[in-house]
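Structure file model_18.pdb with PDB, C-alpha atoms:
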```
ATOM      1  CA  MET P   1       0.000   0.000   0.000
ATOM      2  CA  LYS P   2       1.516   3.297  -1.142
ATOM      3  CA  PHE P   3       0.681   6.637   0.522
ATOM      4  CA  LEU P   4      -0.162   9.271  -2.108
ATOM      5  CA  GLY P   5      -0.803  12.243   0.159
ATOM      6  CA  ASP P   6      -3.432  14.323   1.945
ATOM      7  CA  LEU P   7      -5.761  15.980  -0.571
ATOM      8  CA  GLU P   8      -8.746  18.304  -0.811
ATOM      9  CA  LEU P   9     -11.133  16.792  -3.341
ATOM     10  CA  GLU P  10     -14.232  18.010  -5.160
ATOM     11  CA  GLU P  11     -17.299  15.801  -5.479
ATOM     12  CA  GLN P  12     -16.737  15.000  -9.154
ATOM     13  CA  GLN P  13     -13.305  13.603  -8.308
ATOM     14  CA  ILE P  14     -14.683  10.957  -5.944
ATOM     15  CA  ILE P  15     -16.425   7.624  -6.587
ATOM     16  CA  TYR P  16     -18.907   7.318  -3.717
ATOM     17  CA  PRO P  17     -20.586   5.385  -2.268
ATOM     18  CA  SER P  18     -18.032   2.768  -3.197
ATOM     19  CA  PRO P  19     -19.492  -0.215  -5.095
ATOM     20  CA  SER P  20     -17.626  -2.360  -2.545
ATOM     21  CA  ASN P  21     -19.116  -0.651   0.504
ATOM     22  CA  PRO P  22     -20.383  -3.341   2.919
ATOM     23  CA  ARG P  23     -23.307  -1.154   3.979
ATOM     24  CA  LEU P  24     -26.657  -2.255   2.613
ATOM     25  CA  LYS P  25     -28.542   0.672   4.146
ATOM     26  CA  GLY P  26     -27.954   3.975   5.925
ATOM     27  CA  LEU P  27     -26.527   5.975   3.006
ATOM     28  CA  LEU P  28     -29.363   8.399   2.166
ATOM     29  CA  PRO P  29     -28.993  12.128   3.022
ATOM     30  CA  GLU P  30     -32.435  12.294   4.665
ATOM     31  CA  GLU P  31     -31.683   9.538   7.172
ATOM     32  CA  PRO P  32     -31.376  10.692  10.815
ATOM     33  CA  SER P  33     -27.835   9.342  11.217
ATOM     34  CA  ILE P  34     -26.622  11.285   8.160
ATOM     35  CA  GLN P  35     -28.419  14.428   9.327
ATOM     36  CA  ALA P  36     -26.804  14.106  12.764
ATOM     37  CA  LEU P  37     -23.375  13.624  11.136
ATOM     38  CA  ALA P  38     -23.930  16.673   8.928
ATOM     39  CA  GLY P  39     -24.889  18.725  11.985
ATOM     40  CA  SER P  40     -21.734  17.639  13.813
ATOM     41  CA  ILE P  41     -19.510  18.465  10.816
ATOM     42  CA  LYS P  42     -21.187  21.857  10.366
ATOM     43  CA  LYS P  43     -20.554  22.687  14.015
ATOM     44  CA  ASP P  44     -16.999  21.345  14.485
ATOM     45  CA  GLY P  45     -15.696  20.995  10.938
ATOM     46  CA  GLN P  46     -14.446  17.796   9.271
ATOM     47  CA  LEU P  47     -12.332  16.332  12.069
ATOM     48  CA  GLN P  48     -11.489  13.065  10.279
ATOM     49  CA  ARG P  49     -10.320  12.753   6.688
ATOM     50  CA  ILE P  50     -11.931  10.187   4.427
ATOM     51  CA  ILE P  51      -9.674   7.438   3.052
ATOM     52  CA  VAL P  52      -9.609   6.946  -0.729
ATOM     53  CA  GLN P  53      -7.746   4.864  -3.280
ATOM     54  CA  LYS P  54      -6.633   6.022  -6.724
ATOM     55  CA  VAL P  55      -8.749   4.427  -9.473
ATOM     56  CA  GLY P  56      -7.821   5.722 -12.895
ATOM     57  CA  GLY P  57      -8.245   9.475 -12.818
ATOM     58  CA  LYS P  58     -10.556   9.441  -9.783
ATOM     59  CA  TYR P  59     -10.537   8.433  -6.128
ATOM     60  CA  GLU P  60     -12.801   5.701  -4.708
ATOM     61  CA  THR P  61     -13.810   5.816  -1.046
ATOM     62  CA  ILE P  62     -12.398   3.187   1.290
ATOM     63  CA  ASP P  63     -13.737   4.768   4.476
ATOM     64  CA  GLY P  64     -15.952   7.854   4.452
ATOM     65  CA  ASP P  65     -19.044   7.318   2.293
ATOM     66  CA  ARG P  66     -21.312   8.723   5.023
ATOM     67  CA  ARG P  67     -19.091  11.791   5.406
ATOM     68  CA  CYS P  68     -19.205  12.332   1.638
ATOM     69  CA  ILE P  69     -23.001  12.204   1.662
ATOM     70  CA  ALA P  70     -23.222  14.518   4.686
ATOM     71  CA  ILE P  71     -20.774  17.064   3.206
ATOM     72  CA  PHE P  72     -21.803  17.022  -0.455
ATOM     73  CA  LYS P  73     -25.525  16.179  -0.283
ATOM     74  CA  SER P  74     -26.642  17.638   3.062
ATOM     75  CA  LEU P  75     -24.233  20.542   3.648
ATOM     76  CA  LYS P  76     -23.605  21.253  -0.060
ATOM     77  CA  TRP P  77     -19.893  21.931   0.579
ATOM     78  CA  LYS P  78     -17.639  22.057  -2.457
ATOM     79  CA  THR P  79     -14.679  19.992  -1.161
ATOM     80  CA  ILE P  80     -13.792  17.280   1.349
ATOM     81  CA  LEU P  81     -10.514  16.406   3.085
ATOM     82  CA  ALA P  82      -9.071  13.038   2.085
ATOM     83  CA  THR P  83      -6.035  10.788   2.490
ATOM     84  CA  ALA P  84      -5.177   8.892  -0.693
ATOM     85  CA  TYR P  85      -3.414   5.548  -1.198
ATOM     86  CA  GLU P  86      -2.537   3.234  -4.040
ATOM     87  CA  MET P  87      -3.431  -0.333  -3.046
ATOM     88  CA  THR P  88      -4.305  -3.808  -4.264
ATOM     89  CA  TYR P  89      -7.867  -5.135  -4.264
ATOM     90  CA  HIS P  90      -7.071  -7.303  -1.215
ATOM     91  CA  GLU P  91      -5.574  -4.319   0.641
ATOM     92  CA  ALA P  92      -8.630  -2.210  -0.183
ATOM     93  CA  LEU P  93     -11.030  -4.913   1.033
ATOM     94  CA  ARG P  94      -9.105  -5.435   4.243
ATOM     95  CA  LEU P  95      -8.806  -1.718   5.012
ATOM     96  CA  ARG P  96     -12.475  -1.105   4.288
ATOM     97  CA  LEU P  97     -13.482  -4.010   6.517
ATOM     98  CA  VAL P  98     -11.194  -2.998   9.387
ATOM     99  CA  ALA P  99     -12.472   0.589   9.146
ATOM    100  CA  ASN P 100     -16.107  -0.530   9.341
ATOM    101  CA  ILE P 101     -16.123  -3.723  11.400
ATOM    102  CA  GLN P 102     -16.432  -2.114  14.837
ATOM    103  CA  LYS P 103     -19.073   0.447  13.831
ATOM    104  CA  GLU P 104     -22.327  -0.300  15.626
ATOM    105  CA  ASP P 105     -24.503   0.791  12.688
ATOM    106  CA  LEU P 106     -22.989  -1.826  10.402
ATOM    107  CA  THR P 107     -25.326  -4.817  10.618
ATOM    108  CA  PRO P 108     -24.179  -8.422  11.162
ATOM    109  CA  VAL P 109     -25.498  -9.215   7.664
ATOM    110  CA  GLU P 110     -23.411  -6.413   6.134
ATOM    111  CA  LYS P 111     -20.351  -7.653   8.007
ATOM    112  CA  GLY P 112     -21.084 -11.147   6.695
ATOM    113  CA  LYS P 113     -21.194  -9.975   3.088
ATOM    114  CA  TYR P 114     -17.922  -8.132   3.445
ATOM    115  CA  CYS P 115     -16.134 -10.943   5.289
ATOM    116  CA  TYR P 116     -17.195 -13.381   2.573
ATOM    117  CA  ASP P 117     -15.897 -11.021  -0.132
ATOM    118  CA  LEU P 118     -12.561 -10.958   1.677
ATOM    119  CA  PHE P 119     -12.683 -14.751   2.070
ATOM    120  CA  VAL P 120     -13.114 -15.136  -1.703
ATOM    121  CA  VAL P 121     -10.202 -12.775  -2.450
ATOM    122  CA  ILE P 122      -7.864 -14.716  -0.145
ATOM    123  CA  ALA P 123      -8.968 -18.038  -1.671
ATOM    124  CA  ASN P 124      -8.460 -16.675  -5.192
ATOM    125  CA  GLU P 125      -4.918 -15.641  -4.279
ATOM    126  CA  ASP P 126      -4.311 -19.357  -3.601
ATOM    127  CA  LYS P 127      -5.931 -20.106  -6.982
ATOM    128  CA  LEU P 128      -9.031 -21.600  -5.348
ATOM    129  CA  ASN P 129     -12.659 -20.928  -6.160
ATOM    130  CA  GLY P 130     -14.283 -19.063  -3.253
ATOM    131  CA  ASP P 131     -17.414 -21.236  -3.054
ATOM    132  CA  GLN P 132     -15.373 -24.437  -3.231
ATOM    133  CA  ALA P 133     -13.005 -23.171  -0.523
ATOM    134  CA  TRP P 134     -16.011 -22.370   1.679
ATOM    135  CA  SER P 135     -17.380 -25.890   1.190
ATOM    136  CA  SER P 136     -14.072 -27.448   2.297
ATOM    137  CA  ARG P 137     -13.784 -27.535   6.093
ATOM    138  CA  GLY P 138      -9.981 -27.337   5.968
ATOM    139  CA  SER P 139      -9.821 -24.373   3.585
ATOM    140  CA  ARG P 140     -12.655 -22.601   5.375
ATOM    141  CA  SER P 141     -10.925 -22.889   8.754
ATOM    142  CA  LYS P 142      -7.625 -21.701   7.309
ATOM    143  CA  TYR P 143      -9.022 -18.587   5.638
ATOM    144  CA  LEU P 144     -11.360 -17.712   8.515
ATOM    145  CA  ALA P 145      -8.358 -17.818  10.863
ATOM    146  CA  GLU P 146      -6.521 -15.450   8.527
ATOM    147  CA  ILE P 147      -9.453 -13.025   8.375
ATOM    148  CA  SER P 148      -9.793 -13.256  12.163
ATOM    149  CA  GLN P 149      -6.188 -12.160  12.630
ATOM    150  CA  GLU P 150      -6.611  -9.296  10.178
ATOM    151  CA  VAL P 151      -9.768  -7.788  11.683
ATOM    152  CA  GLY P 152      -9.491  -8.808  15.338
ATOM    153  CA  VAL P 153     -12.739 -10.815  15.545
ATOM    154  CA  THR P 154     -13.042 -14.526  16.395
ATOM    155  CA  PRO P 155     -13.547 -17.040  13.542
ATOM    156  CA  GLY P 156     -16.815 -18.149  15.182
ATOM    157  CA  THR P 157     -18.223 -14.623  15.022
ATOM    158  CA  ILE P 158     -17.136 -14.223  11.400
ATOM    159  CA  ILE P 159     -18.708 -17.517  10.322
ATOM    160  CA  ASN P 160     -21.991 -16.528  12.008
ATOM    161  CA  TRP P 161     -22.010 -13.211  10.144
ATOM    162  CA  ILE P 162     -21.388 -15.012   6.852
ATOM    163  CA  ARG P 163     -24.078 -17.609   7.587
ATOM    164  CA  LEU P 164     -26.591 -14.827   8.210
ATOM    165  CA  TRP P 165     -25.734 -13.206   4.882
ATOM    166  CA  HIS P 166     -25.794 -16.561   3.062
ATOM    167  CA  SER P 167     -29.104 -17.609   4.631
ATOM    168  CA  TYR P 168     -31.358 -14.669   3.893
ATOM    169  CA  PRO P 169     -32.299 -12.641   0.804
ATOM    170  CA  PRO P 170     -32.368  -8.800   1.092
ATOM    171  CA  GLU P 171     -36.079  -8.628   1.994
ATOM    172  CA  ALA P 172     -35.488 -11.011   4.915
ATOM    173  CA  GLN P 173     -32.343  -9.193   6.067
ATOM    174  CA  LYS P 174     -34.542  -6.196   6.907
ATOM    175  CA  LEU P 175     -36.118  -8.253   9.719
ATOM    176  CA  ILE P 176     -32.774  -8.779  11.503
ATOM    177  CA  ALA P 177     -31.785  -6.333  14.235
ATOM    178  CA  SER P 178     -28.447  -4.539  14.101
ATOM    179  CA  ASN P 179     -28.669  -2.671  17.418
ATOM    180  CA  LYS P 180     -30.716  -2.276  20.608
ATOM    181  CA  GLU P 181     -33.086   0.199  18.950
ATOM    182  CA  ASP P 182     -33.967  -2.421  16.317
ATOM    183  CA  LEU P 183     -34.664  -4.940  19.094
ATOM    184  CA  ARG P 184     -37.065  -2.454  20.674
ATOM    185  CA  LYS P 185     -38.845  -2.326  17.303
ATOM    186  CA  ASP P 186     -39.331  -6.113  17.532
ATOM    187  CA  LEU P 187     -36.802  -6.971  14.858
ATOM    188  CA  ILE P 188     -35.127 -10.356  15.318
ATOM    189  CA  ALA P 189     -31.837 -10.743  17.188
ATOM    190  CA  PRO P 190     -29.025 -12.139  14.992
ATOM    191  CA  THR P 191     -28.649 -15.205  17.249
ATOM    192  CA  THR P 192     -32.355 -15.999  16.832
ATOM    193  CA  ALA P 193     -32.118 -15.450  13.067
ATOM    194  CA  LEU P 194     -29.267 -17.981  12.922
ATOM    195  CA  GLU P 195     -31.361 -20.501  14.853
ATOM    196  CA  ALA P 196     -34.299 -19.892  12.487
ATOM    197  CA  ALA P 197     -32.024 -20.533   9.485
ATOM    198  CA  TYR P 198     -30.891 -23.799  11.089
ATOM    199  CA  VAL P 199     -34.517 -24.859  11.590
ATOM    200  CA  ALA P 200     -35.218 -23.995   7.951
ATOM    201  CA  ARG P 201     -32.353 -26.231   6.790
ATOM    202  CA  LYS P 202     -33.586 -29.081   8.979
ATOM    203  CA  ILE P 203     -37.149 -28.954   7.623
ATOM    204  CA  LYS P 204     -36.059 -28.021   4.065
ATOM    205  CA  ALA P 205     -38.060 -24.792   4.082
ATOM    206  CA  PRO P 206     -37.198 -21.289   2.783
ATOM    207  CA  PRO P 207     -35.268 -19.520   5.583
ATOM    208  CA  TYR P 208     -37.235 -16.329   4.945
ATOM    209  CA  GLU P 209     -40.520 -18.088   5.775
ATOM    210  CA  VAL P 210     -39.177 -19.441   9.072
ATOM    211  CA  LEU P 211     -37.773 -16.004   9.920
ATOM    212  CA  ARG P 212     -41.122 -14.377   9.131
ATOM    213  CA  LEU P 213     -42.950 -16.843  11.372
ATOM    214  CA  THR P 214     -40.360 -16.266  14.103
ATOM    215  CA  LYS P 215     -41.058 -12.532  14.046
ATOM    216  CA  GLU P 216     -44.853 -12.916  13.848
ATOM    217  CA  ASN P 217     -44.978 -15.404  16.730
ATOM    218  CA  ARG P 218     -42.119 -13.915  18.792
ATOM    219  CA  TRP P 219     -40.357 -17.274  18.967
ATOM    220  CA  THR P 220     -37.258 -17.419  21.142
ATOM    221  CA  ASN P 221     -33.957 -19.232  20.681
ATOM    222  CA  THR P 222     -35.092 -21.814  23.227
ATOM    223  CA  GLU P 223     -38.327 -22.518  21.342
ATOM    224  CA  LEU P 224     -36.513 -22.876  18.012
ATOM    225  CA  CYS P 225     -33.998 -25.187  19.697
ATOM    226  CA  ALA P 226     -36.924 -27.252  20.979
ATOM    227  CA  ALA P 227     -38.148 -27.672  17.394
ATOM    228  CA  ILE P 228     -34.683 -28.877  16.358
ATOM    229  CA  HIS P 229     -34.704 -31.433  19.197
ATOM    230  CA  ARG P 230     -38.099 -32.711  17.995
ATOM    231  CA  ILE P 231     -36.660 -33.176  14.489
ATOM    232  CA  THR P 232     -33.558 -34.920  15.875
ATOM    233  CA  ASP P 233     -35.792 -37.259  17.858
ATOM    234  CA  GLY P 234     -37.529 -38.295  14.642
ATOM    235  CA  GLU P 235     -40.697 -36.204  14.861
ATOM    236  CA  SER P 236     -42.082 -35.009  11.511
ATOM    237  CA  VAL P 237     -41.775 -31.210  11.508
ATOM    238  CA  THR P 238     -42.709 -29.128   8.465
ATOM    239  CA  LEU P 239     -43.179 -25.443   7.774
ATOM    240  CA  GLU P 240     -46.930 -25.982   8.091
ATOM    241  CA  ASN P 241     -46.890 -27.662  11.517
ATOM    242  CA  LEU P 242     -43.913 -25.745  12.966
ATOM    243  CA  PRO P 243     -46.180 -23.222  14.788
ATOM    244  CA  GLU P 244     -48.097 -26.128  16.362
ATOM    245  CA  VAL P 245     -44.852 -27.845  17.462
ATOM    246  CA  ILE P 246     -43.601 -24.697  19.183
ATOM    247  CA  THR P 247     -47.008 -23.935  20.712
ATOM    248  CA  LYS P 248     -47.030 -27.412  22.287
ATOM    249  CA  PHE P 249     -43.566 -26.761  23.663
ATOM    250  CA  ARG P 250     -44.742 -23.460  25.152
ATOM    251  CA  GLN P 251     -47.732 -25.130  26.762
ATOM    252  CA  GLY P 252     -45.548 -27.877  28.218
ATOM    253  CA  THR P 253     -42.970 -25.478  29.640
ATOM    254  CA  THR P 254     -43.119 -25.314  33.418
ATOM    255  CA  ASN P 255     -42.596 -21.947  35.012
ATOM    256  CA  ARG P 256     -40.537 -22.236  38.164
ATOM    257  CA  GLN P 257     -39.386 -19.705  40.701
ATOM    258  CA  CYS P 258     -35.612 -19.749  40.868
ATOM    259  CA  VAL P 259     -33.823 -18.556  43.990
ATOM    260  CA  PHE P 260     -30.604 -16.674  43.206
ATOM    261  CA  GLU P 261     -28.077 -15.169  45.511
ATOM    262  CA  VAL P 262     -28.051 -11.440  44.724
ATOM    263  CA  PRO P 263     -24.441 -11.313  43.386
ATOM    264  CA  SER P 264     -25.058 -14.383  41.215
ATOM    265  CA  TYR P 265     -28.282 -12.917  39.834
ATOM    266  CA  GLN P 266     -26.611  -9.591  39.034
ATOM    267  CA  ASN P 267     -23.708 -11.310  37.265
ATOM    268  CA  PHE P 268     -26.104 -13.533  35.332
ATOM    269  CA  LEU P 269     -28.187 -10.548  34.263
ATOM    270  CA  LYS P 270     -25.086  -8.575  33.288
ATOM    271  CA  SER P 271     -23.811 -11.486  31.205
ATOM    272  CA  SER P 272     -27.110 -11.907  29.344
ATOM    273  CA  LYS P 273     -27.200  -8.169  28.566
ATOM    274  CA  SER P 274     -23.616  -8.168  27.281
ATOM    275  CA  LEU P 275     -24.559 -10.956  24.841
ATOM    276  CA  LYS P 276     -27.789  -9.124  23.919
ATOM    277  CA  VAL P 277     -29.799 -12.225  24.839
ATOM    278  CA  ARG P 278     -33.132 -12.156  26.670
ATOM    279  CA  PHE P 279     -32.707 -13.187  30.314
ATOM    280  CA  ASP P 280     -35.161 -16.102  30.065
ATOM    281  CA  ASP P 281     -33.422 -17.366  26.903
ATOM    282  CA  TYR P 282     -30.070 -17.070  28.659
ATOM    283  CA  LEU P 283     -31.353 -18.966  31.698
ATOM    284  CA  ASN P 284     -32.905 -21.742  29.594
ATOM    285  CA  LEU P 285     -29.723 -22.099  27.523
ATOM    286  CA  ALA P 286     -27.681 -22.341  30.741
ATOM    287  CA  ILE P 287     -29.972 -25.122  31.958
ATOM    288  CA  GLN P 288     -29.726 -26.831  28.563
ATOM    289  CA  PHE P 289     -25.918 -26.624  28.743
ATOM    290  CA  VAL P 290     -25.932 -28.197  32.207
ATOM    291  CA  LEU P 291     -28.139 -31.049  30.997
ATOM    292  CA  THR P 292     -26.033 -31.764  27.909
ATOM    293  CA  LYS P 293     -22.674 -31.411  29.680
ATOM    294  CA  ASN P 294     -23.636 -33.561  32.630
ATOM    295  CA  GLU P 295     -20.190 -34.923  33.515
ATOM    296  CA  GLU P 296     -18.493 -31.511  33.371
ATOM    297  CA  PHE P 297     -21.260 -30.001  35.513
ATOM    298  CA  LYS P 298     -21.071 -32.893  37.978
ATOM    299  CA  GLN P 299     -17.341 -32.273  38.453
ATOM    300  CA  PHE P 300     -18.014 -28.555  38.865
ATOM    301  CA  VAL P 301     -20.639 -29.242  41.578
ATOM    302  CA  ILE P 302     -18.278 -31.613  43.387
ATOM    303  CA  SER P 303     -15.459 -29.086  43.290
ATOM    304  CA  GLU P 304     -17.741 -26.295  44.567
ATOM    305  CA  LEU P 305     -19.683 -28.195  47.213
ATOM    306  CA  GLY P 306     -17.213 -30.919  48.171
ATOM    307  CA  GLN P 307     -17.778 -34.636  48.452
ATOM    308  CA  GLY P 308     -20.370 -34.458  51.208
ATOM    309  CA  GLU P 309     -24.137 -34.465  51.221
ATOM    310  CA  GLY P 310     -24.457 -31.316  49.143
ATOM    311  CA  ALA P 311     -22.656 -32.934  46.235
ATOM    312  CA  ARG P 312     -24.955 -35.961  45.935
TER     313      ARG P 312
END
```
Structure rendered as structure tokens:
Amino acid sequence: MKFLGDLELEEQQIIYPSPSNPRLKGLLPEEPSIQALAGSIKKDGQLQRIIVQKVGGKYETIDGDRRCIAIFKSLKWKTILATAYEMTYHEALRLRLVANIQKEDLTPVEKGKYCYDLFVVIANEDKLNGDQAWSSRGSRSKYLAEISQEVGVTPGTIINWIRLWHSYPPEAQKLIASNKEDLRKDLIAPTTALEAAYVARKIKAPPYEVLRLTKENRWTNTELCAAIHRITDGESVTLENLPEVITKFRQGTTNRQCVFEVPSYQNFLKSSKSLKVRFDDYLNLAIQFVLTKNEEFKQFVISELGQGEGAR
């Protein structure tokens, strides 16, 4: 990557939004986030330069599409401050991803699309087809580890982002929450959307239809997991009877009063909030983990309570 200098560019000199921008929404001048950004820039000036790469006789944005829209479309300024580089396609993808990956308004689906684009570029550099590399467990693990090191996110998180993007068409992606405000609007948490996609694969149904039913019926991770267990146990579950299967699970669920020590309860609640998981889902998943990891939990109980009566 070669530094070309700090520049002051006019709108006609810039290619924006970049065709490679991972954002699938949030780039219209009338949107509240753009208006707020324009207000901040008008008050304090452009505090951060956009990053661009030289493409022919113009400059394509790597980081700064929203600032371009705020400055040129909302504020109607004539120029914008930029830092220009000459870089390879891989370098541009990586830099754009690193610049955007930690931004809260970039959705998990958008991150998935961009991570997969980077995955394909890395595979192509090894003369492998991207889709074939993804289908191979060995190649997939290798390239996900490489992307993880580059962007500072675990391979498990990256693969979940990519699975979300792979699973749902654009109209379905609109139902998936990207932040707490979206959750308050009853959009579906990414973890629940992943579980819905898994159910769809198990019953050979369109993922969008399962996601739509999940939103309409307010199904939780635990309830979708219950449907998967029914399928694993040999029960015939289809898209048509899925609501009935989950309703039966709801009706058979026993509500119990759990007694927590105050510090334990506060830590449990804090942990569920940090993962952006509903408390009851978190509690049910913890119970499910205990039941499926019986030996590990037994050893934990013995180590905590000793070998006496409390451990039996």
Handout entry: Spatial neighbours of region 181-194 of chain P, max dist 7 Å, all atoms listed in the file, sep filter under 4 positions, as number ranges by chain
Key = P: 164, 175-177, 198, 211, 215, 220-221
Practice task
List, as number ranges by chain, every residue that the PyMOL selection byres ((chain P and resi 72) around 12) selects in the file provided.
Solution key: P: 9-12, 14, 16-17, 28-29, 34, 38, 41-42, 64-71, 73-81
Exercise for the section: Take CA of Glu209 (chain P) and CA of Lys111 (chain P) and report the distance between them in Å, one decimal. Expected result: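 If I compute the distance from CA of Glu209 (chain P) to CA of Lys111 (chain P), I get 22.8 Å.
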Practice task
Could you list the residues chosen by the PyMOL selection byres ((chain P and resi 143) around 12) in this structure as a ChimeraX atom specification?
Solution key: /P:115-126,128,130,133-142,144-150,155,158-159
Handout entry: Best match for closeness to Gly56 (chain P) among P:Phe268, P:Asn129, P:Phe3, P:Ile15, counting only C-alpha atoms
Key =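 Nearest to Gly56 (chain P): P:Ile15.
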Practice task
Find the distance between CA of Thr107 (chain P) and CA of Glu216 (chain P) and write it in Å to one decimal.
Solution key: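 CA of Thr107 (chain P) sits 21.4 Å away from CA of Glu216 (chain P).
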Exercise on region 226-229 of chain P, axis-aligned box with 4 Å per side, report centre and edge lengths in Å to one decimal, as JSON:
```
{"center_x": -36.4, "center_y": -29.3, "center_z": 18.7, "size_x": 11.5, "size_y": 12.2, "size_z": 12.6}
```
Problem - Interatomic distance, CA of Gly45 (chain P) to CA of Tyr59 (chain P) (Å, one decimal) - result: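 Result for CA of Gly45 (chain P) versus CA of Tyr59 (chain P): 21.8 Å, one decimal.
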Exercise for the section: Convert the output of the PyMOL selection byres ((chain P and resi 51-53) around 6) on the shown file into explicit residues, formatted as a list of chain:residue names. Expected result: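 Listing what the PyMOL selection byres ((chain P and resi 51-53) around 6) selects in the shown file: P:Ile50, P:Lys54, P:Tyr59, P:Glu60, P:Thr61, P:Ile62, P:Asp63, P:Ala82, P:Thr83, P:Ala84, P:Tyr85, P:Glu86.
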Practice task
Using all atoms listed in the file, pick whichever of P:Leu269, P:Leu4, P:Leu213, P:Leu283 has the shortest atom-to-atom distance to Glu244 (chain P).
Solution key: P:Leu213
Practice task
Return the single residue from P:Leu47, P:Leu93, P:Val55, P:Met87 that is closest to Lys2 (chain P), with distances computed using all atoms listed in the file.
Solution key: P:Met87
Take region 282-303 of chain P from the block and save it with C-alpha atoms, as an mmCIF file, in the first residue's frame.
```
data_model
loop_
_atom_site.group_PDB
_atom_site.id
_atom_site.type_symbol
_atom_site.label_atom_id
_atom_site.label_comp_id
_atom_site.auth_asym_id
_atom_site.auth_seq_id
_atom_site.Cartn_x
_atom_site.Cartn_y
_atom_site.Cartn_z
ATOM 1 C CA TYR P 282 -30.070 -17.070 28.659
ATOM 2 C CA LEU P 283 -31.353 -18.966 31.698
ATOM 3 C CA ASN P 284 -32.905 -21.742 29.594
ATOM 4 C CA LEU P 285 -29.723 -22.099 27.523
ATOM 5 C CA ALA P 286 -27.681 -22.341 30.741
ATOM 6 C CA ILE P 287 -29.972 -25.122 31.958
ATOM 7 C CA GLN P 288 -29.726 -26.831 28.563
ATOM 8 C CA PHE P 289 -25.918 -26.624 28.743
ATOM 9 C CA VAL P 290 -25.932 -28.197 32.207
ATOM 10 C CA LEU P 291 -28.139 -31.049 30.997
ATOM 11 C CA THR P 292 -26.033 -31.764 27.909
ATOM 12 C CA LYS P 293 -22.674 -31.411 29.680
ATOM 13 C CA ASN P 294 -23.636 -33.561 32.630
ATOM 14 C CA GLU P 295 -20.190 -34.923 33.515
ATOM 15 C CA GLU P 296 -18.493 -31.511 33.371
ATOM 16 C CA PHE P 297 -21.260 -30.001 35.513
ATOM 17 C CA LYS P 298 -21.071 -32.893 37.978
ATOM 18 C CA GLN P 299 -17.341 -32.273 38.453
ATOM 19 C CA PHE P 300 -18.014 -28.555 38.865
ATOM 20 C CA VAL P 301 -20.639 -29.242 41.578
ATOM 21 C CA ILE P 302 -18.278 -31.613 43.387
ATOM 22 C CA SER P 303 -15.459 -29.086 43.290
#
```
